[in-house]
>>> print(open('input_18.cif').read())   # mmCIF, C-alpha atoms
data_input
#
loop_
_atom_site.label_atom_id
_atom_site.label_comp_id
_atom_site.auth_asym_id
_atom_site.auth_seq_id
_atom_site.Cartn_x
_atom_site.Cartn_y
_atom_site.Cartn_z
CA MET A 296 -98.09 154.58 -66.47
CA LYS A 297 -95.53 155.42 -63.81
CA ILE A 298 -94.04 158.92 -64.00
CA SER A 299 -92.18 161.18 -61.62
CA VAL A 300 -93.97 164.38 -60.63
CA ASN A 301 -91.94 166.84 -58.58
CA GLY A 302 -89.63 164.04 -57.50
CA GLU A 303 -92.30 161.52 -56.49
CA TYR A 304 -93.35 158.58 -58.63
CA GLN A 305 -97.07 158.32 -59.38
CA HIS A 306 -99.34 156.23 -61.56
CA VAL A 307 -101.13 158.50 -64.04
CA GLU A 308 -103.02 157.50 -67.17
CA ALA A 309 -102.46 160.36 -69.59
CA GLY A 310 -101.24 160.81 -73.12
CA SER A 311 -100.03 164.38 -72.95
CA LEU A 312 -98.49 166.73 -70.40
CA HIS A 313 -101.73 168.72 -70.41
CA GLU A 314 -103.65 165.58 -69.46
CA VAL A 315 -101.22 164.85 -66.64
CA LEU A 316 -101.88 168.27 -65.14
CA THR A 317 -105.63 167.84 -65.52
CA ARG A 318 -105.65 164.34 -64.01
CA LEU A 319 -103.57 165.44 -61.04
CA GLY A 320 -105.88 168.37 -60.32
CA TYR A 321 -103.75 171.35 -61.30
CA GLY A 322 -106.64 172.77 -63.34
CA ASP A 323 -106.03 176.43 -64.12
CA GLN A 324 -103.34 176.98 -61.48
CA ALA A 325 -100.49 179.33 -62.37
CA VAL A 326 -97.75 176.78 -62.96
CA ALA A 327 -94.83 176.30 -65.32
CA THR A 328 -93.69 172.87 -66.44
CA ALA A 329 -90.61 170.94 -67.48
CA LEU A 330 -90.46 167.46 -68.97
CA ASN A 331 -87.23 165.54 -68.45
CA GLU A 332 -85.46 168.75 -67.40
CA SER A 333 -86.57 170.71 -70.48
CA PHE A 334 -89.05 173.58 -70.32
CA VAL A 335 -92.44 172.97 -71.93
CA PRO A 336 -94.43 176.18 -72.57
CA ALA A 337 -98.09 176.13 -71.52
CA ALA A 338 -99.20 176.34 -75.14
CA ARG A 339 -97.26 173.16 -76.00
CA ARG A 340 -98.49 170.93 -73.17
CA ALA A 341 -101.43 169.50 -75.12
CA ASP A 342 -99.19 168.20 -77.92
CA THR A 343 -96.33 167.07 -75.70
CA PRO A 344 -96.55 163.27 -75.21
CA VAL A 345 -95.66 161.72 -71.86
CA SER A 346 -94.13 158.26 -71.56
CA GLU A 347 -93.41 155.71 -68.85
CA GLY A 348 -90.61 156.90 -66.56
CA ASP A 349 -90.75 160.54 -67.63
CA ARG A 350 -89.82 163.18 -65.09
CA ILE A 351 -92.14 166.17 -64.77
CA GLU A 352 -91.51 169.31 -62.75
CA ILE A 353 -94.41 171.64 -61.91
CA VAL A 354 -93.48 174.97 -60.31
CA ALA A 355 -95.26 178.14 -59.24
CA PRO A 356 -94.38 181.66 -57.99
CA ARG A 357 -92.82 181.77 -54.54
CA GLN A 358 -91.04 184.14 -52.19
CA GLY A 359 -87.43 184.76 -53.14
CA GLY A 360 -84.39 186.89 -52.41
CA MET B 63 -82.24 206.57 -60.30
CA PRO B 64 -80.66 203.44 -61.81
CA VAL B 65 -81.57 202.37 -65.34
CA PHE B 66 -81.61 198.62 -65.97
CA TYR B 67 -81.91 197.56 -69.60
CA GLY B 68 -83.55 200.86 -70.51
CA THR B 69 -85.99 200.89 -67.59
CA GLU B 70 -85.51 203.47 -64.86
CA VAL B 71 -86.49 202.14 -61.44
CA SER B 72 -87.96 204.25 -58.64
CA SER B 73 -85.47 203.40 -55.89
CA ARG B 74 -81.92 202.22 -55.26
CA LEU B 75 -83.33 199.43 -53.08
CA MET B 76 -84.19 196.03 -54.52
CA LEU B 77 -85.93 193.96 -51.86
CA GLY B 78 -86.51 190.25 -51.52
CA THR B 79 -89.88 188.77 -50.62
CA ALA B 80 -88.79 185.76 -48.53
CA GLN B 81 -88.68 185.01 -44.80
CA TYR B 82 -91.09 187.71 -43.54
CA PRO B 83 -93.17 186.87 -40.45
CA SER B 84 -96.40 187.50 -42.39
CA PRO B 85 -97.65 188.82 -45.74
CA GLN B 86 -98.85 191.99 -44.03
CA ILE B 87 -95.39 192.69 -42.63
CA LEU B 88 -93.93 192.05 -46.08
CA ALA B 89 -96.32 194.61 -47.55
CA ASP B 90 -95.51 197.12 -44.77
CA ALA B 91 -91.79 196.65 -45.36
CA PHE B 92 -92.15 197.32 -49.07
CA ARG B 93 -94.31 200.38 -48.44
CA ARG B 94 -91.91 201.93 -45.93
CA SER B 95 -88.80 201.07 -47.94
CA GLY B 96 -90.09 202.45 -51.22
CA ALA B 97 -88.23 199.54 -52.88
CA GLY B 98 -88.13 199.77 -56.67
CA ILE B 99 -87.95 196.06 -57.45
CA ALA B 100 -89.24 192.92 -55.71
CA THR B 101 -87.34 189.66 -56.16
CA VAL B 102 -89.30 186.42 -56.44
CA SER B 103 -88.63 182.76 -57.20
CA LEU B 104 -90.17 179.50 -58.39
CA ARG B 105 -90.69 176.36 -56.37
CA ARG B 106 -92.53 173.06 -56.75
CA GLU B 107 -96.30 173.35 -56.53
CA GLY B 108 -98.69 170.75 -55.18
CA ALA B 109 -101.95 169.96 -56.94
CA GLY B 110 -104.92 172.03 -55.84
CA GLY B 111 -102.79 174.18 -53.57
CA GLY B 112 -103.02 177.47 -55.37
CA ASP B 113 -100.27 178.91 -53.15
CA GLY B 114 -98.35 180.20 -56.13
CA GLN B 115 -101.28 182.06 -57.61
CA ALA B 116 -102.17 183.62 -54.24
CA PHE B 117 -98.59 184.79 -53.72
CA TRP B 118 -98.37 186.17 -57.24
CA ASP B 119 -101.67 188.06 -56.82
CA PHE B 120 -100.34 189.51 -53.56
CA ILE B 121 -97.03 190.62 -55.07
CA GLN B 122 -98.74 192.27 -58.01
CA GLN B 123 -100.55 194.52 -55.54
CA LEU B 124 -97.18 196.07 -54.66
CA GLU B 125 -97.24 197.57 -58.17
CA ILE B 126 -93.47 197.44 -58.69
CA PRO B 127 -91.45 195.42 -61.20
CA VAL B 128 -90.50 191.88 -60.19
CA LEU B 129 -87.12 190.26 -60.70
CA PRO B 130 -87.40 186.45 -60.70
CA ASN B 131 -84.33 184.52 -59.60
CA THR B 132 -82.78 181.16 -60.36
CA ALA B 133 -81.92 180.57 -56.70
CA GLY B 134 -80.58 177.14 -55.91
CA CYS B 135 -79.54 176.27 -59.46
CA HIS B 136 -76.13 174.63 -59.75
CA THR B 137 -75.83 174.01 -63.50
CA VAL B 138 -76.28 175.97 -66.73
CA LYS B 139 -79.16 173.75 -67.81
CA GLU B 140 -81.00 174.10 -64.50
CA ALA B 141 -80.63 177.88 -64.54
CA VAL B 142 -81.68 178.25 -68.18
CA THR B 143 -84.74 176.02 -67.72
CA THR B 144 -85.72 177.91 -64.57
CA ALA B 145 -85.37 181.22 -66.43
CA HIS B 146 -87.72 179.98 -69.14
CA MET B 147 -90.29 178.94 -66.54
CA ALA B 148 -89.96 182.28 -64.75
CA LYS B 149 -90.46 184.22 -67.96
CA GLU B 150 -93.70 182.38 -68.65
CA LEU B 151 -95.09 182.75 -65.13
CA PHE B 152 -94.01 186.30 -64.31
CA GLY B 153 -94.25 187.74 -67.80
CA THR B 154 -90.83 189.41 -67.71
CA ALA B 155 -87.55 188.85 -69.52
CA TRP B 156 -85.65 190.07 -66.46
CA ILE B 157 -83.86 187.28 -64.61
CA LYS B 158 -81.58 187.36 -61.58
CA LEU B 159 -79.14 184.69 -62.65
CA GLU B 160 -77.75 182.60 -59.81
CA VAL B 161 -75.60 179.60 -60.64
CA ILE B 162 -74.28 178.36 -57.33
CA GLY B 163 -70.87 176.73 -57.28
CA HIS B 164 -70.72 175.49 -53.71
CA ALA B 165 -73.62 174.50 -51.46
CA ASP B 166 -71.99 175.75 -48.25
CA THR B 167 -70.55 179.09 -49.34
CA LEU B 168 -73.22 179.78 -51.98
CA GLN B 169 -70.42 181.25 -54.05
CA PRO B 170 -71.31 181.72 -57.72
CA ASP B 171 -69.81 179.26 -60.22
CA PRO B 172 -68.14 181.84 -62.48
CA PHE B 173 -67.67 179.50 -65.45
CA ALA B 174 -71.25 178.22 -65.51
CA LEU B 175 -72.52 181.74 -64.80
CA VAL B 176 -70.89 183.15 -67.93
CA GLU B 177 -72.20 180.30 -70.07
CA ALA B 178 -75.74 180.61 -68.71
CA ALA B 179 -75.63 184.39 -69.19
CA ARG B 180 -74.51 183.91 -72.79
CA VAL B 181 -77.32 181.44 -73.54
CA LEU B 182 -80.03 183.53 -71.90
CA SER B 183 -78.86 186.85 -73.37
CA SER B 184 -78.88 185.31 -76.86
CA GLU B 185 -82.49 184.29 -76.24
CA GLY B 186 -83.52 187.83 -75.33
CA PHE B 187 -83.39 187.62 -71.54
CA LYS B 188 -82.25 190.69 -69.56
CA VAL B 189 -79.76 189.03 -67.25
CA PHE B 190 -78.90 190.35 -63.77
CA PRO B 191 -75.98 188.07 -62.81
CA TYR B 192 -75.21 187.34 -59.16
CA THR B 193 -71.43 187.41 -59.33
CA THR B 194 -68.30 188.18 -57.34
CA GLU B 195 -66.24 191.37 -57.37
CA ASP B 196 -63.76 189.78 -59.82
CA GLY B 197 -63.11 192.27 -62.62
CA ILE B 198 -62.15 189.71 -65.26
CA LEU B 199 -65.32 187.75 -64.63
CA ALA B 200 -67.26 191.02 -64.85
CA GLY B 201 -65.80 191.66 -68.29
CA ARG B 202 -66.75 188.17 -69.45
CA LEU B 203 -70.33 188.69 -68.26
CA LEU B 204 -70.55 191.96 -70.19
CA ASP B 205 -69.17 190.18 -73.27
CA ALA B 206 -71.90 187.54 -72.76
CA GLY B 207 -74.56 190.23 -73.07
CA CYS B 208 -75.18 191.40 -69.51
CA GLU B 209 -75.85 195.12 -69.05
CA VAL B 210 -76.00 194.96 -65.25
CA LEU B 211 -73.62 193.34 -62.76
CA MET B 212 -74.54 192.25 -59.25
CA PRO B 213 -71.41 191.45 -57.20
CA TRP B 214 -71.83 190.05 -53.72
CA GLY B 215 -70.88 192.07 -50.67
CA ALA B 216 -70.54 188.85 -48.68
CA PRO B 217 -72.02 185.36 -49.01
CA ILE B 218 -75.82 185.13 -49.13
CA GLY B 219 -77.51 185.43 -45.77
CA THR B 220 -74.39 186.24 -43.75
CA GLY B 221 -75.06 189.93 -43.16
CA LEU B 222 -71.31 190.56 -43.01
CA GLY B 223 -71.47 193.65 -45.19
CA LEU B 224 -68.86 194.60 -47.79
CA THR B 225 -66.00 192.21 -47.06
CA ASN B 226 -63.76 193.30 -49.95
CA ILE B 227 -64.06 197.06 -50.21
CA TYR B 228 -60.90 197.31 -52.29
CA GLY B 229 -62.27 194.84 -54.84
CA LEU B 230 -65.64 196.55 -55.02
CA ARG B 231 -64.01 199.97 -55.40
CA THR B 232 -61.80 198.61 -58.18
CA LEU B 233 -64.81 197.10 -59.97
CA ARG B 234 -66.61 200.43 -59.81
CA ALA B 235 -63.60 202.22 -61.25
CA GLN B 236 -63.13 199.59 -63.94
CA PHE B 237 -66.73 199.78 -65.19
CA PRO B 238 -67.89 203.35 -64.56
CA ASP B 239 -70.82 203.18 -66.98
CA VAL B 240 -72.27 199.78 -66.06
CA PRO B 241 -75.08 199.67 -63.47
CA LEU B 242 -73.62 197.88 -60.43
CA VAL B 243 -75.74 196.38 -57.67
CA ILE B 244 -74.45 194.94 -54.41
CA ASP B 245 -76.36 191.68 -54.14
CA ALA B 246 -76.11 189.60 -50.98
CA GLY B 247 -74.30 189.94 -47.68
CA ILE B 248 -75.70 193.26 -46.57
CA GLY B 249 -76.76 193.10 -42.93
CA ARG B 250 -77.20 196.69 -41.76
CA PRO B 251 -78.13 200.06 -43.20
CA SER B 252 -74.54 201.26 -42.73
CA HIS B 253 -73.43 198.58 -45.21
CA ALA B 254 -75.92 199.92 -47.75
CA ALA B 255 -74.76 203.48 -47.13
CA LEU B 256 -71.17 202.38 -47.74
CA ALA B 257 -72.19 200.75 -51.03
CA MET B 258 -73.67 204.07 -52.08
CA GLU B 259 -70.56 205.99 -50.98
CA LEU B 260 -68.51 203.67 -53.20
CA GLY B 261 -70.66 204.74 -56.13
CA TYR B 262 -72.76 201.61 -56.51
CA ASP B 263 -76.10 202.13 -58.19
CA ALA B 264 -78.31 199.97 -55.99
CA VAL B 265 -78.37 197.22 -53.38
CA LEU B 266 -80.37 194.01 -53.33
CA LEU B 267 -81.14 192.53 -49.93
CA ASN B 268 -83.70 190.36 -48.18
CA THR B 269 -82.66 188.74 -44.92
CA ALA B 270 -81.47 191.99 -43.30
CA VAL B 271 -85.01 193.36 -43.49
CA ALA B 272 -87.09 190.20 -43.21
CA LYS B 273 -85.23 188.86 -40.17
CA ALA B 274 -85.05 192.16 -38.27
CA GLY B 275 -87.13 192.44 -35.11
CA ASP B 276 -89.25 195.07 -36.85
CA PRO B 277 -88.91 194.44 -40.60
CA ALA B 278 -90.94 197.47 -41.70
CA ALA B 279 -88.88 199.86 -39.55
CA MET B 280 -85.65 198.28 -40.80
CA ALA B 281 -86.87 198.66 -44.37
CA GLU B 282 -87.31 202.38 -43.79
CA ALA B 283 -83.87 202.56 -42.14
CA PHE B 284 -82.34 201.04 -45.29
CA ALA B 285 -84.15 203.57 -47.46
CA SER B 286 -82.75 206.42 -45.34
CA ALA B 287 -79.24 204.94 -45.46
CA LEU B 288 -79.36 204.68 -49.24
CA THR B 289 -80.48 208.28 -49.55
CA ALA B 290 -77.72 209.45 -47.21
CA GLY B 291 -75.02 207.36 -48.88
CA ARG B 292 -75.90 208.43 -52.39
CA LEU B 293 -76.13 212.09 -51.36
CA ALA B 294 -72.68 211.76 -49.83
CA TYR B 295 -71.27 210.16 -52.99
CA ASP B 296 -72.65 212.96 -55.14
CA ALA B 297 -71.29 215.53 -52.65
CA ASP B 298 -67.68 214.34 -53.27
CA PRO B 299 -66.43 213.26 -49.83
CA MET B 300 -63.04 214.42 -48.53
CA GLU B 301 -60.08 212.11 -48.91
CA PRO B 302 -58.84 210.49 -45.70
CA ARG B 303 -55.37 211.53 -44.48
CA ASN B 304 -53.03 210.00 -41.97
CA MET B 305 -51.96 213.15 -40.14
CA ALA B 306 -54.13 215.27 -37.89
CA GLU B 307 -54.96 218.74 -39.10
CA PRO B 308 -56.90 221.24 -37.01
CA SER B 309 -60.27 222.20 -38.38
CA THR B 310 -60.41 225.36 -36.29
CA PRO B 311 -58.15 228.12 -37.71
CA VAL B 312 -54.77 228.43 -35.97
CA ILE B 313 -54.30 232.03 -37.05
CA GLY B 314 -55.75 234.49 -34.61
CA GLN B 315 -55.63 232.20 -31.63
CA ALA B 316 -55.08 234.17 -28.43
CA PHE B 317 -51.65 233.78 -26.88
CA LEU B 318 -52.38 232.82 -23.27
CA GLU B 319 -49.31 230.92 -22.16
#
>>> encode(input="input_18.cif", output="structure tokens")
Amino acid sequence: MKISVNGEYQHVEAGSLHEVLTRLGYGDQAVATALNESFVPAARRADTPVSEGDRIEIVAPRQGG
Amino acid sequence: MPVFYGTEVSSRLMLGTAQYPSPQILADAFRRSGAGIATVSLRREGAGGGDGQAFWDFIQQLEIPVLPNTAGCHTVKEAVTTAHMAKELFGTAWIKLEVIGHADTLQPDPFALVEAARVLSSEGFKVFPYTTEDGILAGRLLDAGCEVLMPWGAPIGTGLGLTNIYGLRTLRAQFPDVPLVIDAGIGRPSHAALAMELGYDAVLLNTAVAKAGDPAAMAEAFASALTAGRLAYDADPMEPRNMAEPSTPVIGQAFLE
């Protein structure tokens, strides 16, 4: 399945957003996620299905002004 | 000290965490400034990097409240989604709401800003809007649920200071009971002192400290300027006048001609 992760297309075999994060190696990192430009809370990742062509954003704390 | 959404902060300085030469210098700058709030952001994270967690652990050691921003967002949807992500990661309902209207000037989009503020306030967020000194826009933001306003002094990163003193003074007079923060454009401690003399409650800055030759010393200079400016405001400064008037008494002067 081809999906976009942080703007880059990748092939990932996963049924849920949680599985995508696990397969890509995010593990227990402090990240927040959005699927197709909509926020998905951490507690909802396991029951959020991911489909071909979906766009996923994975962000983390950074320096800011 | 200023009270934002029922929380009193420990300083009139809100300091950004970006662009410092090193984490140690960032920590030194915060220590010497006594800043009451640290601003932070969210950016894309690579797998296995752990940079975000390390930064977050570091910032938490400062032991001051954080104010996440929506920097770089250009639409209501982008800003609202970013706010949701920030709330989950930083564990706070506070959000510095930036909705940028033009990529070159970094001027806020006033229409999208009001709409995003309305959406987020209705969801329980405590919105700190990055806005202009426009008084009508300020009223709309208050109607949308904001209890703090953060007008720019000058465009982000310019360091030009307070470019519309008349407008900022008018805004202060128009909303005497609303916490007002000068956000963006401050380049030198004298600009921060002037903001205090105008009766503003706090200033938010980043580049002026982080890009100074000695950021920690500059941070302390800003803290001193804020103290001086606020003390002056509370002391009721004299009104300027156009004509000279001797300060030394004229009566009793010896006649020596």
>>> closest_atom_pairs(input="input_18.cif", of="chain B", to="chain A", cutoff="6 Å", atoms="all atoms listed in the file", output="Markdown table")
| residue | atom | partner | partner_atom | distance |
| --- | --- | --- | --- | --- |
| B:Gly78 | CA | A:Gly360 | CA | 4.1 |
| B:Thr79 | CA | A:Gln358 | CA | 5.0 |
| B:Ala80 | CA | A:Gln358 | CA | 4.6 |
| B:Thr101 | CA | A:Gly360 | CA | 5.5 |
| B:Val102 | CA | A:Gly359 | CA | 4.1 |
| B:Ser103 | CA | A:Gly359 | CA | 4.7 |
| B:Leu104 | CA | A:Pro356 | CA | 4.7 |
| B:Arg105 | CA | A:Val354 | CA | 5.0 |
| B:Arg106 | CA | A:Val354 | CA | 4.2 |
| B:Glu107 | CA | A:Val354 | CA | 5.0 |
| B:Ala109 | CA | A:Tyr321 | CA | 4.9 |
| B:Gly110 | CA | A:Tyr321 | CA | 5.6 |
| B:Gly114 | CA | A:Pro356 | CA | 4.6 |
| B:Gln115 | CA | A:Ala325 | CA | 5.5 |
| B:Thr143 | CA | A:Phe334 | CA | 5.6 |
| B:Met147 | CA | A:Ala327 | CA | 5.4 |
| B:Asn268 | CA | A:Gly360 | CA | 5.5 |
>>> residues_near_point(input="input_18.cif", point="(-100.0, 161.0, -72.0)", cutoff="6 Å", atoms="all atoms listed in the file", output="JSON, numbers by chain")
{"A": [309, 310, 311, 344, 345]}
>>> atom_distance(input="input_18.cif", atom1="atom CA of Ala148 of chain B", atom2="atom CA of Leu129 of chain B")
9.4 Å
>>> resolve_selection(input="input_18.cif", expression="the PyMOL selection byres ((chain B and resi 226-240) around 12)", output="NGL selection string")
:B and (64-67 or 190 or 193-201 or 203-204 or 208-217 or 222-225 or 241-245 or 247 or 253 or 256-264)
>>> resolve_selection(input="input_18.cif", expression="the PyMOL selection byres ((chain A and resi 342) around 9)", output="list in words")
Ser311, Leu312, His313, Ala338, Arg339, Arg340, Ala341, Thr343 and Pro344 of chain A
>>> resolve_selection(input="input_18.cif", expression="the PyMOL selection byres ((chain B and resi 287) around 8)", output="number ranges by chain")
B: 251-252, 254-255, 283-286, 288-291
>>> write_last_selection(input="input_18.cif", atoms="C-alpha atoms", output="PDB file, in the frame of the given file")
ATOM      1  CA  PRO B 251     -78.130 200.060 -43.200  1.00  0.00           C
ATOM      2  CA  SER B 252     -74.540 201.260 -42.730  1.00  0.00           C
ATOM      3  CA  ALA B 254     -75.920 199.920 -47.750  1.00  0.00           C
ATOM      4  CA  ALA B 255     -74.760 203.480 -47.130  1.00  0.00           C
ATOM      5  CA  ALA B 283     -83.870 202.560 -42.140  1.00  0.00           C
ATOM      6  CA  PHE B 284     -82.340 201.040 -45.290  1.00  0.00           C
ATOM      7  CA  ALA B 285     -84.150 203.570 -47.460  1.00  0.00           C
ATOM      8  CA  SER B 286     -82.750 206.420 -45.340  1.00  0.00           C
ATOM      9  CA  LEU B 288     -79.360 204.680 -49.240  1.00  0.00           C
ATOM     10  CA  THR B 289     -80.480 208.280 -49.550  1.00  0.00           C
ATOM     11  CA  ALA B 290     -77.720 209.450 -47.210  1.00  0.00           C
ATOM     12  CA  GLY B 291     -75.020 207.360 -48.880  1.00  0.00           C
TER      13      GLY B 291
END
>>> residues_around(input="input_18.cif", residues="His306 of chain A", least_positions_apart="2", cutoff="10 Å", atoms="all atoms listed in the file", output="VMD selection string")
chain A and resid 296 to 300 304 308 to 309 347
>>> atom_distance(input="input_18.cif", atom1="atom CA of Val189 of chain B", atom2="atom CA of Leu77 of chain B")
17.3 Å
>>> build_atoms(input="input_18.cif", residues="segment 86-104 of chain B", atoms="N, CA and C atoms", output="PDB file, in the coordinates of the input")
ATOM      1  N   GLN B  86     -98.589 190.592 -44.364  1.00  0.00           N
ATOM      2  CA  GLN B  86     -98.850 191.990 -44.030  1.00  0.00           C
ATOM      3  C   GLN B  86     -97.560 192.732 -43.698  1.00  0.00           C
ATOM      4  N   ILE B  87     -96.678 192.056 -42.966  1.00  0.00           N
ATOM      5  CA  ILE B  87     -95.390 192.690 -42.630  1.00  0.00           C
ATOM      6  C   ILE B  87     -94.542 192.862 -43.889  1.00  0.00           C
ATOM      7  N   LEU B  88     -94.618 191.898 -44.788  1.00  0.00           N
ATOM      8  CA  LEU B  88     -93.930 192.050 -46.080  1.00  0.00           C
ATOM      9  C   LEU B  88     -94.441 193.309 -46.794  1.00  0.00           C
ATOM     10  N   ALA B  89     -95.739 193.455 -46.860  1.00  0.00           N
ATOM     11  CA  ALA B  89     -96.320 194.610 -47.550  1.00  0.00           C
ATOM     12  C   ALA B  89     -95.912 195.917 -46.860  1.00  0.00           C
ATOM     13  N   ASP B  90     -95.916 195.919 -45.519  1.00  0.00           N
ATOM     14  CA  ASP B  90     -95.510 197.120 -44.770  1.00  0.00           C
ATOM     15  C   ASP B  90     -94.054 197.463 -45.045  1.00  0.00           C
ATOM     16  N   ALA B  91     -93.212 196.419 -45.107  1.00  0.00           N
ATOM     17  CA  ALA B  91     -91.790 196.650 -45.360  1.00  0.00           C
ATOM     18  C   ALA B  91     -91.580 197.266 -46.744  1.00  0.00           C
ATOM     19  N   PHE B  92     -92.290 196.748 -47.717  1.00  0.00           N
ATOM     20  CA  PHE B  92     -92.150 197.320 -49.070  1.00  0.00           C
ATOM     21  C   PHE B  92     -92.656 198.762 -49.104  1.00  0.00           C
ATOM     22  N   ARG B  93     -93.750 199.022 -48.428  1.00  0.00           N
ATOM     23  CA  ARG B  93     -94.310 200.380 -48.440  1.00  0.00           C
ATOM     24  C   ARG B  93     -93.338 201.356 -47.807  1.00  0.00           C
ATOM     25  N   ARG B  94     -92.794 200.996 -46.637  1.00  0.00           N
ATOM     26  CA  ARG B  94     -91.910 201.930 -45.930  1.00  0.00           C
ATOM     27  C   ARG B  94     -90.526 202.028 -46.552  1.00  0.00           C
ATOM     28  N   SER B  95     -90.126 201.020 -47.301  1.00  0.00           N
ATOM     29  CA  SER B  95     -88.800 201.070 -47.940  1.00  0.00           C
ATOM     30  C   SER B  95     -88.843 201.833 -49.253  1.00  0.00           C
ATOM     31  N   GLY B  96     -90.010 201.861 -49.889  1.00  0.00           N
ATOM     32  CA  GLY B  96     -90.090 202.450 -51.220  1.00  0.00           C
ATOM     33  C   GLY B  96     -89.285 201.663 -52.244  1.00  0.00           C
ATOM     34  N   ALA B  97     -89.048 200.370 -51.992  1.00  0.00           N
ATOM     35  CA  ALA B  97     -88.230 199.540 -52.880  1.00  0.00           C
ATOM     36  C   ALA B  97     -88.729 199.625 -54.326  1.00  0.00           C
ATOM     37  N   GLY B  98     -87.786 199.609 -55.263  1.00  0.00           N
ATOM     38  CA  GLY B  98     -88.130 199.770 -56.670  1.00  0.00           C
ATOM     39  C   GLY B  98     -88.320 198.464 -57.417  1.00  0.00           C
ATOM     40  N   ILE B  99     -87.849 197.380 -56.821  1.00  0.00           N
ATOM     41  CA  ILE B  99     -87.950 196.060 -57.450  1.00  0.00           C
ATOM     42  C   ILE B  99     -88.172 195.022 -56.350  1.00  0.00           C
ATOM     43  N   ALA B 100     -89.021 194.044 -56.631  1.00  0.00           N
ATOM     44  CA  ALA B 100     -89.240 192.920 -55.710  1.00  0.00           C
ATOM     45  C   ALA B 100     -88.687 191.651 -56.345  1.00  0.00           C
ATOM     46  N   THR B 101     -87.838 190.924 -55.610  1.00  0.00           N
ATOM     47  CA  THR B 101     -87.340 189.660 -56.160  1.00  0.00           C
ATOM     48  C   THR B 101     -88.251 188.514 -55.739  1.00  0.00           C
ATOM     49  N   VAL B 102     -88.401 187.562 -56.649  1.00  0.00           N
ATOM     50  CA  VAL B 102     -89.300 186.420 -56.440  1.00  0.00           C
ATOM     51  C   VAL B 102     -88.614 185.160 -56.978  1.00  0.00           C
ATOM     52  N   SER B 103     -89.230 184.013 -56.723  1.00  0.00           N
ATOM     53  CA  SER B 103     -88.630 182.760 -57.200  1.00  0.00           C
ATOM     54  C   SER B 103     -89.708 181.791 -57.648  1.00  0.00           C
ATOM     55  N   LEU B 104     -89.275 180.592 -58.003  1.00  0.00           N
ATOM     56  CA  LEU B 104     -90.170 179.500 -58.390  1.00  0.00           C
ATOM     57  C   LEU B 104     -89.864 178.292 -57.538  1.00  0.00           C
TER      58      LEU B 104
END
